[in-house]
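One file, target_31.cif, is given below (mmCIF, N, CA and C atoms).
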```cif
data_final
loop_
_atom_site.label_atom_id
_atom_site.label_comp_id
_atom_site.auth_asym_id
_atom_site.auth_seq_id
_atom_site.Cartn_x
_atom_site.Cartn_y
_atom_site.Cartn_z
N MET X 11 -38.61 -9.97 58.83
CA MET X 11 -37.89 -8.90 58.16
C MET X 11 -38.90 -7.88 57.62
N LYS X 12 -38.65 -6.62 57.90
CA LYS X 12 -39.57 -5.56 57.48
C LYS X 12 -39.32 -5.20 56.01
N THR X 13 -40.40 -5.02 55.27
CA THR X 13 -40.30 -4.58 53.88
C THR X 13 -41.01 -3.24 53.72
N LEU X 14 -40.59 -2.51 52.71
CA LEU X 14 -41.20 -1.22 52.39
C LEU X 14 -41.77 -1.28 50.98
N SER X 15 -42.87 -0.60 50.77
CA SER X 15 -43.34 -0.36 49.41
C SER X 15 -42.79 1.01 49.00
N TYR X 16 -42.98 1.40 47.79
CA TYR X 16 -42.49 2.70 47.33
C TYR X 16 -43.51 3.33 46.42
N GLU X 17 -43.39 4.64 46.31
CA GLU X 17 -44.27 5.39 45.40
C GLU X 17 -43.48 6.57 44.85
N PHE X 18 -43.44 6.69 43.55
CA PHE X 18 -42.82 7.85 42.92
C PHE X 18 -43.86 8.96 42.87
N VAL X 19 -43.50 10.13 43.39
CA VAL X 19 -44.42 11.26 43.47
C VAL X 19 -43.69 12.52 43.05
N GLU X 20 -44.46 13.53 42.66
CA GLU X 20 -43.84 14.83 42.40
C GLU X 20 -43.63 15.55 43.73
N TYR X 21 -44.66 15.53 44.55
CA TYR X 21 -44.60 16.17 45.87
C TYR X 21 -44.92 15.13 46.95
N ILE X 22 -44.31 15.29 48.09
CA ILE X 22 -44.54 14.37 49.21
C ILE X 22 -45.93 14.66 49.78
N PRO X 23 -46.76 13.63 49.99
CA PRO X 23 -48.11 13.87 50.51
C PRO X 23 -48.08 14.35 51.96
N ASP X 24 -49.11 15.08 52.35
CA ASP X 24 -49.22 15.57 53.73
C ASP X 24 -49.36 14.40 54.71
N GLN X 25 -50.09 13.39 54.33
CA GLN X 25 -50.28 12.20 55.16
C GLN X 25 -49.50 11.05 54.56
N MET X 26 -48.40 10.69 55.20
CA MET X 26 -47.58 9.59 54.69
C MET X 26 -47.98 8.28 55.34
N GLU X 27 -47.93 7.22 54.56
CA GLU X 27 -48.25 5.89 55.07
C GLU X 27 -47.02 5.27 55.73
N GLU X 28 -47.25 4.55 56.80
CA GLU X 28 -46.19 3.77 57.45
C GLU X 28 -45.75 2.67 56.49
N GLY X 29 -44.46 2.42 56.39
CA GLY X 29 -43.95 1.33 55.55
C GLY X 29 -43.87 1.67 54.07
N LYS X 30 -43.93 2.96 53.72
CA LYS X 30 -43.84 3.36 52.32
C LYS X 30 -42.75 4.41 52.15
N LEU X 31 -41.92 4.22 51.15
CA LEU X 31 -40.88 5.17 50.79
C LEU X 31 -41.39 6.02 49.63
N TYR X 32 -41.46 7.32 49.85
CA TYR X 32 -41.92 8.26 48.82
C TYR X 32 -40.69 8.85 48.15
N VAL X 33 -40.66 8.78 46.82
CA VAL X 33 -39.51 9.25 46.06
C VAL X 33 -39.97 10.36 45.12
N SER X 34 -39.37 11.53 45.27
CA SER X 34 -39.63 12.64 44.36
C SER X 34 -38.37 12.92 43.56
N ILE X 35 -38.35 12.46 42.33
CA ILE X 35 -37.19 12.70 41.46
C ILE X 35 -37.06 14.18 41.14
N PRO X 36 -38.17 14.91 40.81
CA PRO X 36 -38.03 16.34 40.52
C PRO X 36 -37.43 17.15 41.68
N ASN X 37 -37.70 16.70 42.92
CA ASN X 37 -37.20 17.41 44.09
C ASN X 37 -35.97 16.74 44.72
N CYS X 38 -35.49 15.68 44.09
CA CYS X 38 -34.28 14.97 44.54
C CYS X 38 -34.34 14.60 46.01
N VAL X 39 -35.42 13.92 46.40
CA VAL X 39 -35.57 13.54 47.80
C VAL X 39 -36.37 12.24 47.92
N ALA X 40 -36.05 11.47 48.95
CA ALA X 40 -36.85 10.31 49.33
C ALA X 40 -37.20 10.49 50.81
N ILE X 41 -38.44 10.21 51.16
CA ILE X 41 -38.91 10.41 52.53
C ILE X 41 -39.72 9.19 52.96
N HIS X 42 -39.56 8.80 54.21
CA HIS X 42 -40.36 7.73 54.78
C HIS X 42 -40.48 7.94 56.28
N LYS X 43 -41.39 7.23 56.89
CA LYS X 43 -41.48 7.24 58.35
C LYS X 43 -40.45 6.25 58.87
N CYS X 44 -39.79 6.61 59.95
CA CYS X 44 -38.72 5.78 60.50
C CYS X 44 -39.18 4.33 60.60
N CYS X 45 -38.32 3.44 60.21
CA CYS X 45 -38.66 2.01 60.17
C CYS X 45 -38.78 1.36 61.53
N CYS X 46 -38.35 2.06 62.60
CA CYS X 46 -38.48 1.48 63.94
C CYS X 46 -39.91 1.56 64.45
N GLY X 47 -40.74 2.40 63.82
CA GLY X 47 -42.12 2.55 64.26
C GLY X 47 -42.37 3.79 65.10
N CYS X 48 -41.35 4.65 65.25
CA CYS X 48 -41.53 5.87 66.06
C CYS X 48 -42.29 6.96 65.31
N HIS X 49 -42.53 6.76 64.02
CA HIS X 49 -43.32 7.66 63.16
C HIS X 49 -42.61 8.96 62.79
N THR X 50 -41.34 9.10 63.12
CA THR X 50 -40.59 10.30 62.74
C THR X 50 -40.32 10.26 61.25
N GLU X 51 -40.50 11.42 60.58
CA GLU X 51 -40.24 11.49 59.13
C GLU X 51 -38.74 11.54 58.88
N VAL X 52 -38.27 10.66 58.02
CA VAL X 52 -36.85 10.57 57.68
C VAL X 52 -36.69 11.11 56.25
N VAL X 53 -35.93 12.19 56.13
CA VAL X 53 -35.71 12.85 54.84
C VAL X 53 -34.32 12.47 54.36
N THR X 54 -34.25 11.93 53.15
CA THR X 54 -32.97 11.56 52.56
C THR X 54 -32.81 12.30 51.24
N PRO X 55 -32.02 13.39 51.22
CA PRO X 55 -31.79 14.11 49.97
C PRO X 55 -30.99 13.24 49.02
N LEU X 56 -31.38 13.24 47.77
CA LEU X 56 -30.71 12.42 46.76
C LEU X 56 -29.71 13.27 45.98
N SER X 57 -28.44 12.92 46.07
CA SER X 57 -27.39 13.62 45.32
C SER X 57 -26.12 12.80 45.44
N PRO X 58 -25.13 13.08 44.60
CA PRO X 58 -23.86 12.34 44.70
C PRO X 58 -23.19 12.50 46.07
N ASP X 59 -23.47 13.62 46.77
CA ASP X 59 -22.86 13.86 48.07
C ASP X 59 -23.72 13.39 49.24
N ALA X 60 -24.91 12.91 48.97
CA ALA X 60 -25.81 12.48 50.04
C ALA X 60 -26.20 11.03 49.77
N TRP X 61 -27.50 10.75 49.63
CA TRP X 61 -27.96 9.39 49.39
C TRP X 61 -28.14 9.14 47.90
N ARG X 62 -27.92 7.89 47.52
CA ARG X 62 -28.15 7.45 46.15
C ARG X 62 -29.30 6.46 46.15
N LEU X 63 -30.12 6.57 45.15
CA LEU X 63 -31.28 5.70 45.00
C LEU X 63 -31.01 4.75 43.84
N ILE X 64 -31.29 3.48 44.07
CA ILE X 64 -31.18 2.49 43.01
C ILE X 64 -32.57 1.89 42.82
N PHE X 65 -33.08 2.00 41.61
CA PHE X 65 -34.37 1.42 41.26
C PHE X 65 -34.13 0.46 40.11
N ASP X 66 -34.42 -0.82 40.32
CA ASP X 66 -34.15 -1.83 39.29
C ASP X 66 -35.40 -2.22 38.51
N GLY X 67 -36.46 -1.42 38.63
CA GLY X 67 -37.71 -1.72 37.96
C GLY X 67 -38.69 -2.47 38.84
N GLU X 68 -38.18 -3.08 39.90
CA GLU X 68 -39.03 -3.83 40.83
C GLU X 68 -38.83 -3.43 42.29
N SER X 69 -37.62 -3.01 42.62
CA SER X 69 -37.34 -2.69 44.01
C SER X 69 -36.46 -1.46 44.11
N ILE X 70 -36.39 -0.91 45.34
CA ILE X 70 -35.63 0.30 45.60
C ILE X 70 -34.62 0.03 46.71
N SER X 71 -33.44 0.64 46.55
CA SER X 71 -32.41 0.61 47.58
C SER X 71 -31.90 2.03 47.77
N LEU X 72 -31.50 2.36 48.98
CA LEU X 72 -30.89 3.65 49.30
C LEU X 72 -29.51 3.41 49.89
N TYR X 73 -28.54 4.18 49.45
CA TYR X 73 -27.19 4.09 49.99
C TYR X 73 -26.68 5.49 50.26
N PRO X 74 -25.98 5.72 51.34
CA PRO X 74 -25.54 4.76 52.35
C PRO X 74 -26.66 4.44 53.33
N SER X 75 -26.29 3.90 54.47
CA SER X 75 -27.28 3.53 55.49
C SER X 75 -27.98 4.78 56.03
N ILE X 76 -29.07 4.54 56.70
CA ILE X 76 -29.84 5.61 57.32
C ILE X 76 -29.59 5.52 58.82
N GLY X 77 -28.87 6.50 59.34
CA GLY X 77 -28.55 6.54 60.76
C GLY X 77 -29.32 7.66 61.42
N ASN X 78 -30.29 7.31 62.22
CA ASN X 78 -31.16 8.30 62.86
C ASN X 78 -30.72 8.60 64.28
N TRP X 79 -29.43 8.80 64.50
CA TRP X 79 -28.94 9.02 65.86
C TRP X 79 -29.39 10.35 66.43
N GLN X 80 -29.90 11.28 65.61
CA GLN X 80 -30.43 12.53 66.14
C GLN X 80 -31.87 12.35 66.64
N PHE X 81 -32.50 11.23 66.33
CA PHE X 81 -33.85 10.93 66.81
C PHE X 81 -33.75 10.20 68.15
N ALA X 82 -34.84 10.23 68.89
CA ALA X 82 -34.88 9.52 70.18
C ALA X 82 -34.63 8.02 70.00
N CYS X 83 -35.10 7.45 68.89
CA CYS X 83 -34.98 6.00 68.67
C CYS X 83 -33.55 5.58 68.32
N LYS X 84 -32.76 6.48 67.74
CA LYS X 84 -31.38 6.22 67.32
C LYS X 84 -31.27 4.98 66.42
N SER X 85 -32.28 4.76 65.60
CA SER X 85 -32.26 3.59 64.72
C SER X 85 -31.22 3.76 63.61
N HIS X 86 -30.76 2.64 63.10
CA HIS X 86 -29.74 2.63 62.05
C HIS X 86 -30.02 1.42 61.16
N TYR X 87 -30.23 1.67 59.87
CA TYR X 87 -30.60 0.59 58.96
C TYR X 87 -30.27 0.94 57.52
N TRP X 88 -30.30 -0.07 56.69
CA TRP X 88 -30.18 0.08 55.24
C TRP X 88 -31.53 -0.27 54.63
N ILE X 89 -31.83 0.33 53.50
CA ILE X 89 -32.99 -0.09 52.69
C ILE X 89 -32.40 -0.70 51.43
N LYS X 90 -32.54 -2.02 51.32
CA LYS X 90 -31.99 -2.77 50.19
C LYS X 90 -33.10 -3.63 49.58
N ASN X 91 -33.37 -3.38 48.31
CA ASN X 91 -34.39 -4.16 47.59
C ASN X 91 -35.70 -4.22 48.37
N ASN X 92 -36.17 -3.04 48.81
CA ASN X 92 -37.43 -2.89 49.55
C ASN X 92 -37.41 -3.53 50.93
N THR X 93 -36.28 -3.98 51.39
CA THR X 93 -36.16 -4.65 52.68
C THR X 93 -35.32 -3.81 53.63
N VAL X 94 -35.76 -3.74 54.87
CA VAL X 94 -35.00 -3.01 55.90
C VAL X 94 -34.02 -3.99 56.54
N GLU X 95 -32.75 -3.65 56.47
CA GLU X 95 -31.70 -4.44 57.11
C GLU X 95 -31.15 -3.61 58.27
N TRP X 96 -31.33 -4.11 59.48
CA TRP X 96 -30.95 -3.36 60.68
C TRP X 96 -29.46 -3.48 60.95
N ALA X 97 -28.89 -2.37 61.36
CA ALA X 97 -27.50 -2.34 61.81
C ALA X 97 -27.49 -2.44 63.32
N LYS X 98 -26.33 -2.70 63.88
CA LYS X 98 -26.20 -2.69 65.33
C LYS X 98 -26.44 -1.29 65.85
N SER X 99 -26.96 -1.18 67.05
CA SER X 99 -27.25 0.12 67.66
C SER X 99 -25.95 0.88 67.93
N TRP X 100 -25.98 2.17 67.66
CA TRP X 100 -24.83 3.03 67.92
C TRP X 100 -25.02 3.71 69.27
N GLU X 101 -24.00 3.74 70.04
CA GLU X 101 -24.03 4.50 71.28
C GLU X 101 -23.87 5.97 70.94
N ASP X 102 -24.29 6.84 71.82
CA ASP X 102 -24.19 8.28 71.58
C ASP X 102 -22.77 8.71 71.26
N THR X 103 -21.80 8.13 71.93
CA THR X 103 -20.41 8.53 71.68
C THR X 103 -19.96 8.16 70.28
N MET X 104 -20.38 7.00 69.80
CA MET X 104 -20.02 6.59 68.44
C MET X 104 -20.68 7.51 67.42
N ALA X 105 -21.93 7.87 67.66
CA ALA X 105 -22.64 8.76 66.74
C ALA X 105 -21.95 10.12 66.71
N GLU X 106 -21.58 10.63 67.87
CA GLU X 106 -20.90 11.92 67.94
C GLU X 106 -19.55 11.87 67.23
N LYS X 107 -18.83 10.79 67.41
CA LYS X 107 -17.53 10.62 66.75
C LYS X 107 -17.72 10.61 65.23
N ASN X 108 -18.75 9.93 64.75
CA ASN X 108 -19.02 9.87 63.32
C ASN X 108 -19.38 11.25 62.78
N ARG X 109 -20.21 12.01 63.51
CA ARG X 109 -20.57 13.36 63.08
C ARG X 109 -19.33 14.25 63.03
N SER X 110 -18.44 14.11 64.01
CA SER X 110 -17.21 14.92 64.04
C SER X 110 -16.34 14.62 62.83
N LYS X 111 -16.22 13.36 62.47
CA LYS X 111 -15.42 12.99 61.30
C LYS X 111 -15.99 13.62 60.04
N LYS X 112 -17.32 13.56 59.88
CA LYS X 112 -17.96 14.15 58.70
C LYS X 112 -17.74 15.66 58.68
N SER X 113 -17.88 16.30 59.85
CA SER X 113 -17.68 17.73 59.95
C SER X 113 -16.25 18.11 59.59
N ASN X 114 -15.28 17.35 60.08
CA ASN X 114 -13.88 17.62 59.77
C ASN X 114 -13.60 17.46 58.28
N LYS X 115 -14.19 16.44 57.65
CA LYS X 115 -14.00 16.24 56.21
C LYS X 115 -14.56 17.42 55.42
N LYS X 116 -15.75 17.91 55.83
CA LYS X 116 -16.36 19.05 55.14
C LYS X 116 -15.49 20.29 55.29
N MET X 117 -14.99 20.53 56.51
CA MET X 117 -14.16 21.70 56.73
C MET X 117 -12.87 21.62 55.91
N PHE X 118 -12.25 20.46 55.86
CA PHE X 118 -11.03 20.28 55.09
C PHE X 118 -11.30 20.48 53.60
N SER X 119 -12.42 19.97 53.12
CA SER X 119 -12.80 20.14 51.72
C SER X 119 -12.99 21.61 51.38
N LYS X 120 -13.66 22.36 52.27
CA LYS X 120 -13.85 23.81 52.04
C LYS X 120 -12.52 24.53 52.03
N PHE X 121 -11.63 24.14 52.93
CA PHE X 121 -10.30 24.75 52.99
C PHE X 121 -9.57 24.52 51.68
N LEU X 122 -9.59 23.29 51.17
CA LEU X 122 -8.90 22.99 49.91
C LEU X 122 -9.48 23.78 48.75
N LYS X 123 -10.80 23.90 48.69
CA LYS X 123 -11.43 24.68 47.62
C LYS X 123 -11.01 26.14 47.72
N HIS X 124 -11.03 26.69 48.92
CA HIS X 124 -10.64 28.08 49.12
C HIS X 124 -9.17 28.28 48.75
N PHE X 125 -8.32 27.37 49.19
CA PHE X 125 -6.90 27.49 48.92
C PHE X 125 -6.60 27.39 47.44
N SER X 126 -7.27 26.46 46.74
CA SER X 126 -7.02 26.29 45.30
C SER X 126 -7.50 27.51 44.51
N LYS X 127 -8.56 28.19 44.96
CA LYS X 127 -9.03 29.40 44.28
C LYS X 127 -8.03 30.53 44.45
N ARG X 128 -7.39 30.63 45.60
CA ARG X 128 -6.44 31.71 45.88
C ARG X 128 -5.18 31.57 45.07
N LYS X 129 -4.78 30.35 44.73
CA LYS X 129 -3.53 30.13 44.00
C LYS X 129 -3.65 30.50 42.54
N LYS X 130 -4.87 30.53 42.00
CA LYS X 130 -5.08 30.79 40.56
C LYS X 130 -4.94 32.23 40.23
#
```
Mind turning this structure into structure tokens?
Amino acid sequence: MKTLSYEFVEYIPDQMEEGKLYVSIPNCVAIHKCCCGCHTEVVTPLSPDAWRLIFDGESISLYPSIGNWQFACKSHYWIKNNTVEWAKSWEDTMAEKNRSKKSNKKMFSKFLKHFSKRKK
């Protein structure tokens, strides 16, 4: 089972270490190199609408899962208590279907916000 170390930083270093999650609270972001070993930088913005970081004083977890279907590796995993938990591989069609659902939810949310502003 693969484990990650972590480092709290103000700014993400130019040279990132493999197997380390860099967390910048001032910039609301966590970044690491893809856990599959392809060395692609994975950026996870921290916010209520994106990823949430849990730090218990000893370990770090990120939620929701990290799905890298836009990368060549198409890796999909969770980071829980400094441990990488792998998900089953997603086929391109499943990834596309998931992106479409997210896009539709965003469009519907924008529509509702626009509509509620017009009624006032």
Exercise. Would you mind reading off the distance between atom N of Asp24 of chain X and atom C of Trp96 of chain X, one decimal, in Å?
Key: 28.4 Å
Exercise. Fewer than 2 positions away in the same chain doesn't count, so skip those; otherwise give me all residues within 12 Å of Glu51 of chain X, counting only C-alpha atoms, as a list in words.
Key: Ile22, Pro23, Asp24, Gln25, Met26, Glu27, Glu28, Gly29, Lys30, Leu31, Tyr32, Ala40, Ile41, His42, Lys43, Cys44, Cys45, Cys46, Gly47, Cys48, His49, Val53, Thr54, Asn78 and Phe81 of chain X
List the neighbours of Ser71 of chain X out to 6 Å using all atoms listed in the file; skip same-chain residues closer than 5 positions along the sequence, and give me the result as a PDB file with N, CA and C atoms, keeping the file's coordinate frame.
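Final file, out_18.pdb:
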```
ATOM      1  N   ARG X  62     -27.920   7.890  47.520  1.00  0.00           N
ATOM      2  CA  ARG X  62     -28.150   7.450  46.150  1.00  0.00           C
ATOM      3  C   ARG X  62     -29.300   6.460  46.150  1.00  0.00           C
ATOM      4  N   LEU X  63     -30.120   6.570  45.150  1.00  0.00           N
ATOM      5  CA  LEU X  63     -31.280   5.700  45.000  1.00  0.00           C
ATOM      6  C   LEU X  63     -31.010   4.750  43.840  1.00  0.00           C
ATOM      7  N   ILE X  64     -31.290   3.480  44.070  1.00  0.00           N
ATOM      8  CA  ILE X  64     -31.180   2.490  43.010  1.00  0.00           C
ATOM      9  C   ILE X  64     -32.570   1.890  42.820  1.00  0.00           C
ATOM     10  N   PHE X  65     -33.080   2.000  41.610  1.00  0.00           N
ATOM     11  CA  PHE X  65     -34.370   1.420  41.260  1.00  0.00           C
ATOM     12  C   PHE X  65     -34.130   0.460  40.110  1.00  0.00           C
ATOM     13  N   ILE X  89     -31.830   0.330  53.500  1.00  0.00           N
ATOM     14  CA  ILE X  89     -32.990  -0.090  52.690  1.00  0.00           C
ATOM     15  C   ILE X  89     -32.400  -0.700  51.430  1.00  0.00           C
ATOM     16  N   LYS X  90     -32.540  -2.020  51.320  1.00  0.00           N
ATOM     17  CA  LYS X  90     -31.990  -2.770  50.190  1.00  0.00           C
ATOM     18  C   LYS X  90     -33.100  -3.630  49.580  1.00  0.00           C
ATOM     19  N   ASN X  91     -33.370  -3.380  48.310  1.00  0.00           N
ATOM     20  CA  ASN X  91     -34.390  -4.160  47.590  1.00  0.00           C
ATOM     21  C   ASN X  91     -35.700  -4.220  48.370  1.00  0.00           C
ATOM     22  N   ASN X  92     -36.170  -3.040  48.810  1.00  0.00           N
ATOM     23  CA  ASN X  92     -37.430  -2.890  49.550  1.00  0.00           C
ATOM     24  C   ASN X  92     -37.410  -3.530  50.930  1.00  0.00           C
TER      25      ASN X  92
END
```
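Separating atom C of Ser34 of chain X from atom N of Asp66 of chain X is a distance of 14.7 Å.
Protein, DNA and RNA residues at most 10 Å from (-26.9, 9.3, 48.1), with only C-alpha atoms, are these: Cys38, Val39, Thr54, Pro55, Leu56, Ser57, Pro58, Asp59, Ala60, Trp61, Arg62, Leu63, Ile64, Leu72, Tyr73, Pro74 and Ser75 of chain X.
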Practice problem: Calculate how many Å separate atom CA of Asn37 of chain X from atom CA of Glu17 of chain X, rounding to one decimal. | Solution: 14.0 Å
